[in-house]
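Trainee: To be precise about what I am sending: the file is called start-v7.txt and holds compact mmCIF, C-alpha atoms.
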# COMPACT_ATOMS: atom_id res chain seq x y z
CA MET A 1 -9.32 -0.08 -43.46
CA SER A 2 -8.68 2.98 -41.29
CA LYS A 3 -5.38 3.29 -39.46
CA PRO A 4 -5.45 2.09 -35.84
CA SER A 5 -5.53 4.92 -33.31
CA THR A 6 -2.79 5.60 -30.77
CA LEU A 7 -5.48 5.59 -28.09
CA GLY A 8 -6.47 2.05 -29.03
CA GLY A 9 -2.92 0.78 -28.64
CA ALA A 10 -2.47 2.72 -25.40
CA CYS A 11 -5.63 1.09 -24.06
CA ILE A 12 -4.29 -2.36 -24.95
CA ILE A 13 -1.05 -1.61 -23.04
CA ALA A 14 -2.98 -0.10 -20.12
CA SER A 15 -5.36 -3.04 -19.99
CA VAL A 16 -2.41 -5.46 -19.77
CA CYS A 17 -1.05 -3.50 -16.80
CA VAL A 18 -4.02 -2.31 -14.80
CA GLY A 19 -5.54 -5.57 -13.59
CA ALA A 20 -2.43 -6.83 -11.82
CA GLY A 21 -1.50 -3.44 -10.42
CA MET A 22 -4.89 -2.27 -9.21
CA LEU A 23 -5.61 -5.51 -7.40
CA GLY A 24 -2.10 -6.33 -6.22
CA LEU A 25 -0.45 -3.03 -5.28
CA PRO A 26 -2.58 -2.12 -2.23
CA SER A 27 -1.65 -5.35 -0.44
CA ALA A 28 1.96 -5.28 -1.65
CA GLY A 29 2.34 -1.65 -0.59
CA ALA A 30 0.67 -1.98 2.81
CA GLY A 31 4.04 -2.21 4.54
CA ALA A 32 5.63 0.84 2.88
CA TRP A 33 2.33 2.75 2.77
CA THR A 34 1.49 5.79 0.66
CA LEU A 35 4.59 7.88 -0.09
CA TRP A 36 7.02 5.00 -0.59
CA THR A 37 4.50 3.02 -2.64
CA VAL A 38 3.81 5.97 -4.98
CA LEU A 39 7.57 6.53 -5.37
CA ALA A 40 8.19 2.84 -6.15
CA ILE A 41 5.35 2.78 -8.70
CA SER A 42 6.56 5.96 -10.42
CA VAL A 43 10.19 4.83 -10.71
CA THR A 44 9.05 1.44 -12.01
CA MET A 45 6.84 3.07 -14.63
CA VAL A 46 9.78 5.09 -16.01
CA MET A 47 12.14 2.10 -16.11
CA MET A 48 9.55 -0.24 -17.65
CA THR A 49 8.62 2.29 -20.34
CA LEU A 50 12.30 2.63 -21.27
CA SER A 51 12.81 -1.15 -21.32
CA GLY A 52 9.79 -1.57 -23.61
CA TRP A 53 11.22 1.06 -25.92
CA LEU A 54 14.58 -0.76 -25.96
CA LEU A 55 12.81 -3.93 -27.09
CA LEU A 56 10.95 -1.92 -29.73
CA GLU A 57 14.28 -0.51 -30.97
CA ALA A 58 15.72 -4.02 -31.24
CA LEU A 59 12.69 -5.33 -33.11
CA LYS A 60 12.98 -2.69 -35.84
CA HIS A 61 15.66 -4.83 -37.52
CA TYR A 62 13.21 -7.73 -38.05
CA ASP A 63 9.97 -8.56 -39.83
CA PHE A 64 6.79 -7.26 -38.21
CA LYS A 65 5.52 -10.69 -37.14
CA VAL A 66 8.74 -11.47 -35.25
CA SER A 67 8.43 -11.75 -31.45
CA PHE A 68 10.73 -12.45 -28.50
CA ASN A 69 11.68 -15.99 -29.49
CA THR A 70 13.09 -15.23 -32.94
CA ILE A 71 15.02 -12.08 -32.05
CA THR A 72 16.52 -13.46 -28.81
CA LYS A 73 17.63 -16.66 -30.53
CA ASP A 74 19.25 -14.69 -33.33
CA VAL A 75 21.03 -12.08 -31.18
CA LEU A 76 21.73 -13.80 -27.84
CA LYS A 77 21.76 -17.45 -29.05
CA SER A 78 19.90 -20.56 -27.97
CA LYS A 79 20.82 -20.92 -24.28
CA VAL A 80 19.83 -17.37 -23.39
CA ASN A 81 16.76 -17.74 -25.58
CA ALA A 82 15.72 -20.88 -23.66
CA ILE A 83 15.95 -19.02 -20.35
CA ASN A 84 14.05 -16.08 -21.78
CA ASN A 85 11.33 -18.31 -23.25
CA LEU A 86 10.91 -20.16 -19.97
CA SER A 87 10.61 -16.98 -17.92
CA LEU A 88 8.29 -15.28 -20.42
CA TYR A 89 5.89 -18.20 -20.65
CA PHE A 90 6.03 -18.70 -16.88
CA VAL A 91 5.07 -15.06 -16.22
CA GLY A 92 2.41 -14.90 -18.93
CA GLY A 93 0.98 -18.22 -17.81
CA ILE A 94 0.96 -17.35 -14.11
CA LEU A 95 -0.74 -14.01 -14.77
CA LEU A 96 -3.43 -15.69 -16.86
CA TYR A 97 -3.71 -18.29 -14.10
CA ALA A 98 -4.14 -15.56 -11.45
CA TYR A 99 -6.81 -13.76 -13.49
CA ILE A 100 -8.70 -16.98 -14.22
CA SER A 101 -8.66 -17.96 -10.54
CA SER A 102 -9.85 -14.49 -9.49
CA SER A 103 -12.54 -14.43 -12.17
CA GLY A 104 -13.91 -17.74 -10.90
CA MET A 105 -14.36 -16.30 -7.40
CA ILE A 106 -15.82 -13.02 -8.68
CA PHE A 107 -18.23 -14.33 -11.31
CA GLY A 108 -19.12 -17.38 -9.25
CA GLY A 109 -20.40 -15.02 -6.56
CA VAL A 110 -22.12 -12.67 -9.01
CA PHE A 111 -24.04 -15.39 -10.87
CA ASP A 112 -24.31 -17.83 -7.94
CA ILE A 113 -22.61 -20.67 -9.83
CA ASN A 114 -19.66 -22.94 -9.09
CA ALA A 115 -16.35 -21.00 -9.19
CA LYS A 116 -14.70 -23.55 -11.49
CA LEU A 117 -17.55 -23.39 -13.97
CA ALA A 118 -17.37 -19.59 -13.81
CA SER A 119 -13.66 -19.76 -14.66
CA VAL A 120 -14.30 -21.94 -17.71
CA LEU A 121 -17.08 -19.67 -18.99
CA PHE A 122 -14.91 -16.61 -18.36
CA VAL A 123 -12.03 -18.00 -20.44
CA ILE A 124 -14.32 -18.96 -23.33
CA ALA A 125 -16.12 -15.60 -23.41
CA SER A 126 -13.05 -13.37 -22.96
CA SER A 127 -10.48 -15.19 -25.09
CA VAL A 128 -12.69 -15.05 -28.19
CA PHE A 129 -11.48 -11.46 -28.79
CA VAL A 130 -7.85 -12.63 -28.82
CA LEU A 131 -8.74 -15.52 -31.11
CA HIS A 132 -10.38 -13.11 -33.56
CA SER A 133 -7.72 -10.39 -34.02
CA THR A 134 -5.66 -7.57 -32.50
CA ARG A 135 -8.22 -5.09 -33.86
CA ALA A 136 -10.94 -6.86 -31.85
CA VAL A 137 -8.78 -6.58 -28.72
CA ASP A 138 -8.21 -2.89 -29.52
CA ARG A 139 -11.96 -2.22 -29.67
CA ILE A 140 -12.86 -4.18 -26.53
CA SER A 141 -9.88 -2.68 -24.64
CA VAL A 142 -11.06 0.87 -25.38
CA LEU A 143 -14.55 -0.03 -24.17
CA LEU A 144 -13.22 -1.72 -21.04
CA ILE A 145 -10.91 1.21 -20.21
CA ILE A 146 -13.85 3.63 -20.61
CA PHE A 147 -16.01 1.32 -18.49
CA MET A 148 -13.25 1.08 -15.90
CA ALA A 149 -12.78 4.85 -15.87
CA ILE A 150 -16.50 5.50 -15.27
CA SER A 151 -16.83 2.88 -12.53
CA PHE A 152 -13.49 4.02 -11.09
CA ILE A 153 -14.63 7.64 -10.85
CA ILE A 154 -17.91 6.63 -9.22
CA GLY A 155 -16.16 4.20 -6.89
CA ILE A 156 -13.35 6.46 -5.73
CA SER A 157 -15.65 9.48 -5.33
CA GLY A 158 -16.82 8.09 -2.02
CA LEU A 159 -13.31 7.06 -1.05
CA ALA A 160 -11.74 10.39 -2.08
CA THR A 161 -14.17 12.47 -0.02
CA ASN A 162 -13.58 10.19 2.96
CA ILE A 163 -9.74 10.32 2.93
CA GLN A 164 -8.28 10.83 6.39
CA VAL A 165 -4.86 12.50 6.20
CA PRO A 166 -3.51 10.80 9.38
CA THR A 167 -4.55 7.44 7.89
CA LEU A 168 -3.09 8.30 4.48
CA LEU A 169 0.28 9.22 5.97
CA ASP A 170 0.10 6.62 8.78
CA SER A 171 0.99 9.43 11.20
CA LEU A 172 -0.77 7.65 14.07
CA ASP A 173 1.96 5.00 14.04
CA SER A 174 5.06 7.19 14.06
CA GLN A 175 7.16 4.48 15.71
CA THR A 176 7.22 2.23 12.64
CA SER A 177 9.80 2.82 9.90
CA LEU A 178 8.10 2.39 6.53
CA SER A 179 11.06 2.68 4.14
CA PRO A 180 12.44 -0.88 4.69
CA TYR A 181 9.22 -2.27 3.22
CA ALA A 182 9.57 -0.27 -0.02
CA LEU A 183 12.02 -2.68 -1.66
CA ALA A 184 9.57 -5.58 -1.40
CA ILE A 185 7.01 -3.63 -3.51
CA LEU A 186 9.20 -3.56 -6.61
CA PRO A 187 8.51 -7.12 -7.91
CA VAL A 188 4.73 -6.50 -7.80
CA ALA A 189 5.19 -2.99 -9.24
CA LEU A 190 7.32 -4.43 -12.06
CA THR A 191 4.63 -6.99 -12.87
CA SER A 192 2.10 -4.14 -12.82
CA PHE A 193 3.88 -2.68 -15.85
CA GLY A 194 4.71 -6.02 -17.49
CA TYR A 195 3.34 -5.35 -20.98
CA HIS A 196 6.51 -6.32 -22.86
CA HIS A 197 5.11 -9.45 -24.50
CA SER A 198 2.78 -7.01 -26.30
CA VAL A 199 5.55 -4.80 -27.74
CA SER A 200 5.91 -6.85 -30.92
CA THR A 201 2.11 -6.89 -31.19
CA MET A 202 2.04 -3.06 -31.08
CA ARG A 203 4.80 -2.81 -33.68
CA ASP A 204 3.03 -5.20 -36.03
CA TYR A 205 -0.30 -3.45 -35.39
CA TYR A 206 0.96 0.03 -36.32
CA ARG A 207 3.77 -0.97 -38.74
CA ASP A 208 5.55 2.09 -37.32
CA GLU A 209 7.94 2.06 -34.33
CA ASN A 210 7.29 5.70 -33.41
CA ARG A 211 3.53 5.19 -33.23
CA ALA A 212 4.08 2.04 -31.20
CA LYS A 213 6.38 4.04 -28.88
CA ASN A 214 3.64 6.60 -28.30
CA ALA A 215 1.09 3.87 -27.61
CA ILE A 216 3.42 2.29 -25.04
CA LEU A 217 4.02 5.62 -23.28
CA GLY A 218 0.31 6.43 -23.34
CA GLY A 219 -0.54 3.03 -21.89
CA THR A 220 1.98 3.21 -19.04
CA LEU A 221 0.86 6.77 -18.19
CA ILE A 222 -2.79 5.66 -18.06
CA ALA A 223 -1.81 2.78 -15.79
CA LEU A 224 0.29 5.04 -13.51
CA THR A 225 -2.60 7.49 -13.17
CA PHE A 226 -4.98 4.72 -12.16
CA TYR A 227 -2.45 3.27 -9.70
CA VAL A 228 -1.59 6.49 -7.87
CA ILE A 229 -5.21 7.60 -7.44
CA TRP A 230 -6.25 4.09 -6.36
CA VAL A 231 -3.47 3.68 -3.81
CA VAL A 232 -4.07 7.13 -2.31
CA CYS A 233 -7.80 6.53 -2.00
CA ILE A 234 -7.41 3.09 -0.41
CA PHE A 235 -4.61 4.05 1.96
CA GLY A 236 -6.54 7.16 2.94
CA ASN A 237 -9.53 5.07 4.01
CA LEU A 238 -8.25 1.72 5.26
CA PRO A 239 -5.87 2.00 8.24
CA ARG A 240 -2.62 0.11 7.80
CA THR A 241 -3.52 -2.17 10.71
CA GLN A 242 -6.59 -3.44 8.81
CA PHE A 243 -4.55 -4.92 5.97
CA GLY A 244 -3.62 -8.01 7.98
CA PRO A 245 -6.66 -10.10 6.85
CA ILE A 246 -6.21 -8.95 3.23
CA VAL A 247 -2.55 -9.96 3.20
CA ALA A 248 -3.40 -13.24 4.95
CA ALA A 249 -5.95 -13.97 2.20
CA GLY A 250 -3.21 -13.65 -0.41
CA GLY A 251 -4.37 -10.21 -1.53
CA ASN A 252 -7.35 -11.75 -3.30
CA VAL A 253 -9.82 -9.37 -4.91
CA ASP A 254 -12.78 -10.40 -2.77
CA ALA A 255 -10.84 -9.76 0.47
CA LEU A 256 -9.91 -6.23 -0.63
CA MET A 257 -13.46 -5.45 -1.77
CA THR A 258 -14.88 -6.76 1.52
CA ALA A 259 -12.52 -4.55 3.52
CA LEU A 260 -13.44 -1.50 1.43
CA GLY A 261 -17.12 -2.30 1.93
CA GLY A 262 -16.59 -1.81 5.63
CA VAL A 263 -15.51 1.83 5.20
CA VAL A 264 -17.76 2.91 2.31
CA ASN A 265 -21.39 3.47 3.26
CA SER A 266 -22.97 4.04 -0.16
CA ASN A 267 -24.21 0.86 -1.82
CA SER A 268 -23.78 2.42 -5.29
CA ILE A 269 -20.12 3.12 -4.55
CA LYS A 270 -19.59 -0.45 -3.36
CA GLN A 271 -21.18 -1.74 -6.56
CA ALA A 272 -19.05 0.60 -8.68
CA LEU A 273 -15.88 -0.70 -7.00
CA ASN A 274 -16.96 -4.28 -7.63
CA ILE A 275 -17.71 -3.49 -11.28
CA PHE A 276 -14.33 -1.79 -11.59
CA SER A 277 -12.51 -4.83 -10.18
CA ILE A 278 -14.35 -7.08 -12.64
CA ALA A 279 -13.46 -4.83 -15.59
CA ALA A 280 -9.82 -4.72 -14.44
CA VAL A 281 -9.58 -8.51 -14.36
CA VAL A 282 -11.28 -8.91 -17.76
CA SER A 283 -9.18 -6.22 -19.48
CA SER A 284 -5.90 -7.54 -18.13
CA PHE A 285 -6.78 -11.12 -18.99
CA ILE A 286 -7.48 -10.13 -22.60
CA GLY A 287 -4.42 -7.88 -22.85
CA VAL A 288 -2.00 -10.41 -21.36
CA GLY A 289 -3.64 -13.16 -23.39
CA LEU A 290 -2.98 -11.26 -26.63
CA GLY A 291 0.71 -10.81 -25.81
CA VAL A 292 1.20 -14.47 -24.88
CA PHE A 293 -0.83 -15.51 -27.95
CA ASP A 294 1.44 -13.62 -30.37
CA TYR A 295 4.57 -14.81 -28.57
CA LEU A 296 3.52 -18.47 -28.77
CA ALA A 297 2.50 -18.12 -32.42
CA ASP A 298 6.08 -16.98 -33.14
CA PHE A 299 7.57 -19.67 -30.88
CA PHE A 300 5.66 -22.59 -32.41
CA GLY A 301 5.57 -21.16 -35.94
CA PHE A 302 1.78 -21.32 -36.15
CA GLU A 303 0.39 -19.57 -39.22
CA ASP A 304 -1.98 -16.61 -39.03
CA THR A 305 -4.89 -18.68 -40.38
CA GLN A 306 -8.10 -19.81 -38.71
CA GLN A 307 -6.61 -23.22 -37.93
CA GLY A 308 -3.28 -21.76 -36.85
CA ARG A 309 -4.91 -19.18 -34.58
CA PHE A 310 -7.01 -21.89 -32.91
CA LYS A 311 -3.86 -23.92 -32.17
CA THR A 312 -2.27 -20.82 -30.65
CA TRP A 313 -5.44 -20.16 -28.62
CA ALA A 314 -5.28 -23.69 -27.20
CA VAL A 315 -1.65 -23.51 -26.04
CA THR A 316 -2.22 -19.99 -24.65
CA PHE A 317 -5.35 -20.46 -22.56
CA ILE A 318 -5.90 -24.15 -21.77
CA PRO A 319 -2.81 -24.76 -19.54
CA PRO A 320 -3.45 -21.83 -17.13
CA LEU A 321 -7.16 -22.74 -17.05
CA VAL A 322 -6.37 -26.34 -16.06
CA PHE A 323 -3.98 -25.20 -13.32
CA SER A 324 -6.50 -22.69 -11.95
CA LEU A 325 -9.16 -25.40 -11.71
CA PHE A 326 -6.97 -27.73 -9.68
CA ALA A 327 -4.70 -25.43 -7.66
CA PRO A 328 -5.83 -21.82 -7.20
CA PHE A 329 -3.80 -19.67 -4.80
CA GLY A 330 -3.31 -16.06 -3.70
CA PHE A 331 -3.39 -13.30 -6.30
CA VAL A 332 -0.53 -11.26 -4.84
CA ALA A 333 1.56 -14.39 -4.30
CA ALA A 334 1.11 -15.21 -7.99
CA ILE A 335 2.06 -11.80 -9.37
CA GLY A 336 4.90 -11.42 -6.87
CA LEU A 337 6.34 -14.71 -8.08
CA ALA A 338 5.84 -13.54 -11.65
CA GLY A 339 7.67 -10.30 -10.87
CA ALA A 340 10.92 -12.04 -10.01
CA ALA A 341 10.95 -14.01 -13.28
CA ALA A 342 9.66 -11.04 -15.30
CA THR A 343 12.85 -9.07 -14.67
CA ILE A 344 14.57 -11.32 -17.23
CA TRP A 345 12.38 -10.50 -20.22
CA THR A 346 11.09 -7.06 -19.21
CA CYS A 347 14.44 -5.51 -18.29
CA ILE A 348 17.58 -7.57 -18.83
CA ILE A 349 16.88 -9.16 -22.25
CA PRO A 350 15.47 -6.00 -23.95
CA ALA A 351 18.51 -4.00 -22.80
CA LEU A 352 20.95 -6.68 -23.96
CA LEU A 353 19.19 -6.98 -27.33
CA ALA A 354 19.38 -3.23 -27.93
CA LYS A 355 23.06 -3.13 -26.88
CA LYS A 356 24.08 -6.04 -29.13
CA LEU A 357 22.20 -4.69 -32.15
CA ARG A 358 23.69 -1.22 -31.68
CA GLN A 359 27.12 -2.85 -31.76
CA ARG A 360 26.17 -4.91 -34.80
CA GLN A 361 24.87 -1.83 -36.67
CA PRO A 362 26.59 1.27 -35.24
CA GLU A 363 24.91 3.66 -37.66
CA GLN A 364 21.42 3.55 -36.24
CA GLN A 365 18.46 4.55 -38.38
CA GLY A 366 14.83 4.92 -37.40
CA PHE A 367 13.67 4.71 -33.81
CA VAL A 368 16.42 4.89 -31.14
CA VAL A 369 15.84 5.13 -27.39
CA PRO A 370 17.50 8.26 -25.93
CA GLY A 371 20.17 8.08 -23.25
CA GLY A 372 22.69 5.82 -24.95
CA ASN A 373 24.34 3.15 -22.82
CA VAL A 374 23.27 4.92 -19.61
CA THR A 375 19.66 3.93 -20.33
CA ILE A 376 20.67 0.35 -21.13
CA TYR A 377 22.71 -0.14 -17.95
CA ALA A 378 20.10 1.60 -15.77
CA VAL A 379 17.40 -0.79 -17.01
CA ILE A 380 19.62 -3.85 -16.44
CA ILE A 381 20.55 -2.74 -12.91
CA PHE A 382 16.91 -2.04 -12.06
CA GLY A 383 15.90 -5.52 -13.24
CA VAL A 384 18.68 -7.31 -11.37
CA LEU A 385 18.00 -5.43 -8.12
CA THR A 386 14.27 -6.11 -8.35
CA ALA A 387 14.90 -9.85 -8.68
CA ILE A 388 17.34 -9.76 -5.74
CA PHE A 389 14.84 -7.89 -3.57
CA HIS A 390 12.17 -10.50 -4.28
CA ILE A 391 14.51 -13.36 -3.38
CA LEU A 392 15.53 -11.57 -0.16
CA ALA A 393 11.88 -10.98 0.74
CA MET A 394 11.06 -14.65 0.16
CA ALA A 395 13.98 -15.59 2.42
CA ASN A 396 12.64 -13.19 5.10
CA ILE A 397 15.83 -11.14 4.91
CA LEU A 398 13.86 -8.10 3.77
CA PRO A 399 10.95 -7.13 6.02
CA VAL A 400 7.55 -8.27 4.74
CA PHE A 401 4.36 -6.74 6.11
CA ASN A 402 1.87 -9.27 7.53
CA GLY A 403 -0.48 -6.90 9.33
Please express what this file holds, its structure, as structure tokens.

Mentor:
Amino acid sequence: MSKPSTLGGACIIASVCVGAGMLGLPSAGAGAWTLWTVLAISVTMVMMTLSGWLLLEALKHYDFKVSFNTITKDVLKSKVNAINNLSLYFVGGILLYAYISSSGMIFGGVFDINAKLASVLFVIASSVFVLHSTRAVDRISVLLIIFMAISFIIGISGLATNIQVPTLLDSLDSQTSLSPYALAILPVALTSFGYHHSVSTMRDYYRDENRAKNAILGGTLIALTFYVIWVVCIFGNLPRTQFGPIVAAGGNVDALMTALGGVVNSNSIKQALNIFSIAAVVSSFIGVGLGVFDYLADFFGFEDTQQGRFKTWAVTFIPPLVFSLFAPFGFVAAIGLAGAAATIWTCIIPALLAKKLRQRQPEQQGFVVPGGNVTIYAVIIFGVLTAIFHILAMANILPVFNG
């Protein structure tokens, strides 16, 4: 069998990220608008790449099939591991739940069928790649990223040529201070780079930490490129004052696409944007599903056999599907809630694991994240502050944009 390509792994990482970010960041960033949103996204990308590398460094001391549960229990003991497991499954589950709910609305409208039935069919058709193998997810992720890139280019071409600089910079509303809203973006931005449950998958896939490192960096760079272009094109077309209905609708995909349809005249561009949003949801669902799948296989000790993989598939996909059928709610609300919990296992735990294992084995060999303890403490501080900002926003202490 040929060696897996770095591009394939990068596409898996990018596919995990892009769905949440592309569909959630415009609404989350409507308060801070263009410059502050781009800055928040860029800083988050750097910190989340480093935190993923710290987890990769910690994992190098363990067997390739080992995931979060085993390493956290061994290094940080059972109580910390219980908190980490709860937060990881909560975030993975709520993201799958958000994608399933969104897919029901999207595909229900496309095929003119009941949204709940569309959600069930979506889960069955998309999760089969995860059930099969990581290689299958690699192949479909590359195709979906290519598909997304083509539809993205077609879709944003109309938006890019129609960008209004005063709208992009919100210069018509010079009385409003935008910077206070920037802090509230961070939980959604953090979730938009929340690929960390796939780090052990990448390491096992390549059997080489340095190749996995390159795949992670490639994936986060692809995601950042998509995000910045997308945010600039949307904020350059939709005035800030028109985001009220989108925010009120929970940032759902259909509300954003409807608003964009009002400023884009070409029907082909509208269709391309719709196709892009569909591909983003599908790719992220598969990517997140793979990470949660491998994590739960490690947690429950399911074997990598046909029967074992089916058990893992059931505990991965059935609970979020059931919840989405009975209690769907806003997309941005879901990923914002996930962002607060995600700080535990995307920032704090990876940094603590790397620190403890460096102390346990001072003479480091193999892959080591640069920056020493400065990198470790910077990642921890970023994670803690992001969680605090989300709590403050929920308590209405930080300003939250409502249109």

Trainee: As an mmCIF file with C-alpha atoms, in the frame of the given file, please: the residues near Thr201 in chain A (cut-off 12 Å, only C-alpha atoms, same-chain neighbours under 2 positions excluded).

Mentor:
data_model
loop_
_atom_site.group_PDB
_atom_site.id
_atom_site.type_symbol
_atom_site.label_atom_id
_atom_site.label_comp_id
_atom_site.auth_asym_id
_atom_site.auth_seq_id
_atom_site.Cartn_x
_atom_site.Cartn_y
_atom_site.Cartn_z
ATOM 1 C CA GLY A 9 -2.920 0.780 -28.640
ATOM 2 C CA ILE A 12 -4.290 -2.360 -24.950
ATOM 3 C CA ILE A 13 -1.050 -1.610 -23.040
ATOM 4 C CA LEU A 55 12.810 -3.930 -27.090
ATOM 5 C CA LEU A 56 10.950 -1.920 -29.730
ATOM 6 C CA LEU A 59 12.690 -5.330 -33.110
ATOM 7 C CA ASP A 63 9.970 -8.560 -39.830
ATOM 8 C CA PHE A 64 6.790 -7.260 -38.210
ATOM 9 C CA LYS A 65 5.520 -10.690 -37.140
ATOM 10 C CA VAL A 66 8.740 -11.470 -35.250
ATOM 11 C CA SER A 67 8.430 -11.750 -31.450
ATOM 12 C CA PHE A 68 10.730 -12.450 -28.500
ATOM 13 C CA VAL A 130 -7.850 -12.630 -28.820
ATOM 14 C CA SER A 133 -7.720 -10.390 -34.020
ATOM 15 C CA THR A 134 -5.660 -7.570 -32.500
ATOM 16 C CA ARG A 135 -8.220 -5.090 -33.860
ATOM 17 C CA VAL A 137 -8.780 -6.580 -28.720
ATOM 18 C CA ASP A 138 -8.210 -2.890 -29.520
ATOM 19 C CA TYR A 195 3.340 -5.350 -20.980
ATOM 20 C CA HIS A 196 6.510 -6.320 -22.860
ATOM 21 C CA HIS A 197 5.110 -9.450 -24.500
ATOM 22 C CA SER A 198 2.780 -7.010 -26.300
ATOM 23 C CA VAL A 199 5.550 -4.800 -27.740
ATOM 24 C CA ARG A 203 4.800 -2.810 -33.680
ATOM 25 C CA ASP A 204 3.030 -5.200 -36.030
ATOM 26 C CA TYR A 205 -0.300 -3.450 -35.390
ATOM 27 C CA TYR A 206 0.960 0.030 -36.320
ATOM 28 C CA ARG A 207 3.770 -0.970 -38.740
ATOM 29 C CA ASP A 208 5.550 2.090 -37.320
ATOM 30 C CA GLU A 209 7.940 2.060 -34.330
ATOM 31 C CA ALA A 212 4.080 2.040 -31.200
ATOM 32 C CA LYS A 213 6.380 4.040 -28.880
ATOM 33 C CA ALA A 215 1.090 3.870 -27.610
ATOM 34 C CA ILE A 216 3.420 2.290 -25.040
ATOM 35 C CA GLY A 287 -4.420 -7.880 -22.850
ATOM 36 C CA VAL A 288 -2.000 -10.410 -21.360
ATOM 37 C CA GLY A 289 -3.640 -13.160 -23.390
ATOM 38 C CA LEU A 290 -2.980 -11.260 -26.630
ATOM 39 C CA GLY A 291 0.710 -10.810 -25.810
ATOM 40 C CA VAL A 292 1.200 -14.470 -24.880
ATOM 41 C CA PHE A 293 -0.830 -15.510 -27.950
ATOM 42 C CA ASP A 294 1.440 -13.620 -30.370
ATOM 43 C CA TYR A 295 4.570 -14.810 -28.570
ATOM 44 C CA LEU A 296 3.520 -18.470 -28.770
ATOM 45 C CA ALA A 297 2.500 -18.120 -32.420
ATOM 46 C CA ASP A 298 6.080 -16.980 -33.140
#

Trainee: Using only C-alpha atoms, which residue out of A:Gly8, A:Ser51, A:Gly383, A:Ile391 lies closest to Ala136 in chain A?

Mentor: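 Of A:Gly8, A:Ser51, A:Gly383, A:Ile391, the one nearest Ala136 in chain A is A:Gly8, counting only C-alpha atoms.
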
Trainee: Using all atoms listed in the file, can you tell me which of A:Lys3, A:Val16, A:Thr49, A:Ser284 comes closest to Leu217 in chain A?

Mentor: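 Of all the options, A:Thr49 lies closest to Leu217 in chain A.
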
Trainee: Env of range 99-110 of chain A: 7 Å cut, atoms = all atoms listed in the file, seq-sep filter 2 positions within chain, self excluded. Answer as a PDB file with C-alpha atoms, keeping the file's coordinate frame.

Mentor:
ATOM      1  CA  LEU A  95      -0.740 -14.010 -14.770  1.00  0.00           C
ATOM      2  CA  LEU A  96      -3.430 -15.690 -16.860  1.00  0.00           C
ATOM      3  CA  TYR A  97      -3.710 -18.290 -14.100  1.00  0.00           C
ATOM      4  CA  ASP A 112     -24.310 -17.830  -7.940  1.00  0.00           C
ATOM      5  CA  ILE A 113     -22.610 -20.670  -9.830  1.00  0.00           C
ATOM      6  CA  ASN A 114     -19.660 -22.940  -9.090  1.00  0.00           C
ATOM      7  CA  ALA A 115     -16.350 -21.000  -9.190  1.00  0.00           C
ATOM      8  CA  LYS A 116     -14.700 -23.550 -11.490  1.00  0.00           C
ATOM      9  CA  ALA A 118     -17.370 -19.590 -13.810  1.00  0.00           C
ATOM     10  CA  SER A 119     -13.660 -19.760 -14.660  1.00  0.00           C
ATOM     11  CA  PHE A 122     -14.910 -16.610 -18.360  1.00  0.00           C
ATOM     12  CA  VAL A 253      -9.820  -9.370  -4.910  1.00  0.00           C
ATOM     13  CA  VAL A 281      -9.580  -8.510 -14.360  1.00  0.00           C
ATOM     14  CA  PHE A 285      -6.780 -11.120 -18.990  1.00  0.00           C
ATOM     15  CA  LEU A 321      -7.160 -22.740 -17.050  1.00  0.00           C
ATOM     16  CA  SER A 324      -6.500 -22.690 -11.950  1.00  0.00           C
ATOM     17  CA  PRO A 328      -5.830 -21.820  -7.200  1.00  0.00           C
TER      18      PRO A 328
END

Trainee: What does the distance between CA of Thr312 in chain A and CA of Asp74 in chain A come to in Å, to one decimal place?

Mentor: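 The value is 22.5 Å.
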
Trainee: As an exercise, work out the distance from CA of Thr72 in chain A to CA of Pro350 in chain A in Å and give it to one decimal place.

Mentor: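 The value is 9.0 Å.
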
Trainee: Can you list, as a count of residues only, every protein, DNA or RNA residue that comes within 7 Å of range 270-275 of chain A when you count only C-alpha atoms, leaving out same-chain residues fewer than 5 positions away?

Mentor: 7

Trainee: Residues near range 26-28 of chain A, anyone? I mean within 8 Å using all atoms listed in the file, not counting same-chain ones fewer than 4 positions away, as a PyMOL selection string.

Mentor: chain A and resi 22+184-185+188+231+234-235+243+246-247+251+332

Trainee: Near Leu168 in chain A, within 9 Å and counting only C-alpha atoms, which residues show up once chain neighbours fewer than 5 positions away are dropped, as a ChimeraX atom specification?

Mentor: /A:33-35,163,232-240

Trainee: Between A:Ala223, A:Val315, A:Ala387, A:Ile156, single out the one closest to Ile348 in chain A, counting all atoms listed in the file.

Mentor: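 Closest residue, counting all atoms listed in the file: A:Ala387.
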
Trainee: Given the point (13.0, -9.3, -5.8) in the file's coordinates, find the residues that have an atom at most 9 Å from it, counting only C-alpha atoms, and give them as a ChimeraX atom specification.

Mentor: /A:183-188,336-337,339-340,343,383-394

Trainee: For Leu357 in chain A, which of A:Ser5, A:Thr258, A:Glu57, A:Met202 is the closest residue, counting only C-alpha atoms?

Mentor: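 Closest to Leu357 in chain A of all the choices is A:Glu57.
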
Trainee: What gap, in Å, lies between CA of Gly218 in chain A and CA of Val282 in chain A?

Mentor: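 We find that CA of Gly218 in chain A and CA of Val282 in chain A lie 20.0 Å from each other.
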
Trainee: Anything within 12 Å of (7.5, 3.1, -10.8): list those residues as a count of residues only, counting all atoms listed in the file and sticking to the file's coordinates.

Mentor: 38

Trainee: Given all atoms listed in the file as the basis, pick out the residue of A:Ala327, A:Ala259, A:Ala32, A:Ile286 nearest to Cys17 in chain A.

Mentor: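 Using all atoms listed in the file, Cys17 in chain A sits closest to A:Ile286.
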